[in-house]
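> Please find one structure pasted underneath; my questions will follow.
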Amino acid sequence: MGVMNKNKKTKGCWKSGLLALMVFVVAVIFAVIFLINLSNENSNDARFVELLNREYSAFVDKIDNSKISTLNNKINQSLETKDGNSLIYEGELDVKQFFSANINLKNQLILNNYDLAVLGNYFLGDAETFSTFAGLFAKIINLDLNTRMTDNEIDYVAVFQVNLKTAGQIYGFNTQNLPEIIYVTLSATYNLTYNPSNAITSAYLQINRLIGEDNKYAVAKVLELFDKNEEYISIMAYKPFDILKQIIAFWKVQFVASDNCFVFN
């Protein structure tokens, strides 16, 4: 009898263990299904998919090799490290040195809209200095700059080409039904006299050529893909001026915005 009771208890434990294992497996399956559905939520959103795949007039990449060469030449003529070395190495800017106190300003440096776009792409691509992988999936293809100094304001419009496929691999969202490339236009106004917390007086994103409610919907969904909210638009718009202030402090130079250019003296 004692042996029979022991076998019954062993059999009961075995059944309990199997049941627990099955519950665990089912729970894992449901968790995986939930996560897959969550990652597919945006790419399966019919309106979002239609908006991003809607035809639009082409954007032109105005930042060609000639624009890169022009900026590199300006930097060679105006800047060097404190030990006399060039900041341009094998046709590329040494961003770490540029964004440091190890700089001598030899001559006045005047940067127009295209120069600033090239510089922005250098910054986007430097993960070590700026802790961002944006350069792997985004680049600036045009930048318009308007310095309204009577109002102490700078208006700018930056057009970014964004590779959603690559971004999805980095940020972990599904891009199956989405186009590989989209264009994001950031339009912003910065007031030179305001505190940093409210220096961006307006900031607006446009996806491709969408307008009105269609654009508002697409912007919200794109921000969601990158785990951002609408407040991030102003943060994004302010970032170039935050970098500018740090550069001025590092180099210990004077800065003015004039005739749609940034001037360092």
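Chain labels run A, B, ... following the order of the structure tokens; each chain numbers its residues from 1, and ligands are numbered from 1 in the order shown.
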Can you pull out every residue within 7 Å of range 45-57 of chain A, counting only C-alpha atoms, but drop anything in the same chain fewer than 4 positions away, and send it as a PyMOL selection string?

chain A and resi 41+177-179+209+218

> Can you tell me, as a ChimeraX atom specification, what residues are no more than 7 Å from range 252-264 of chain A when counting only C-alpha atoms, ignoring any on the same chain fewer than 3 positions away?

/A:108-113,145-147,248-249

> Find the residue from A:Lys62, A:Ala167, A:Phe241, A:Thr81 that sits nearest to Asn195 in chain A; use only C-alpha atoms when measuring.

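Result for the nearest residue to Asn195 in chain A: A:Phe241.
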
> Do a neighbour search on Lys139 in chain A at 8 Å with only C-alpha atoms, toss out local chain neighbours closer than 3 positions, and write the hits as a count of residues only.

7

> Compile a residue-level contact table for range 53-156 of chain A against range 226-238 of chain A at a cut-off of 12 Å, reporting for every qualifying residue the shortest atom pair and its distance in Å to one decimal, with only C-alpha atoms counted, rows ordered by chain and ascending number, as JSON lines.


```
{"residue": "A:Ala134", "atom": "CA", "partner": "A:Phe226", "partner_atom": "CA", "distance": 11.2}
{"residue": "A:Ile154", "atom": "CA", "partner": "A:Tyr238", "partner_atom": "CA", "distance": 11.5}
{"residue": "A:Asp155", "atom": "CA", "partner": "A:Ala237", "partner_atom": "CA", "distance": 10.6}
{"residue": "A:Tyr156", "atom": "CA", "partner": "A:Ala237", "partner_atom": "CA", "distance": 9.3}
```
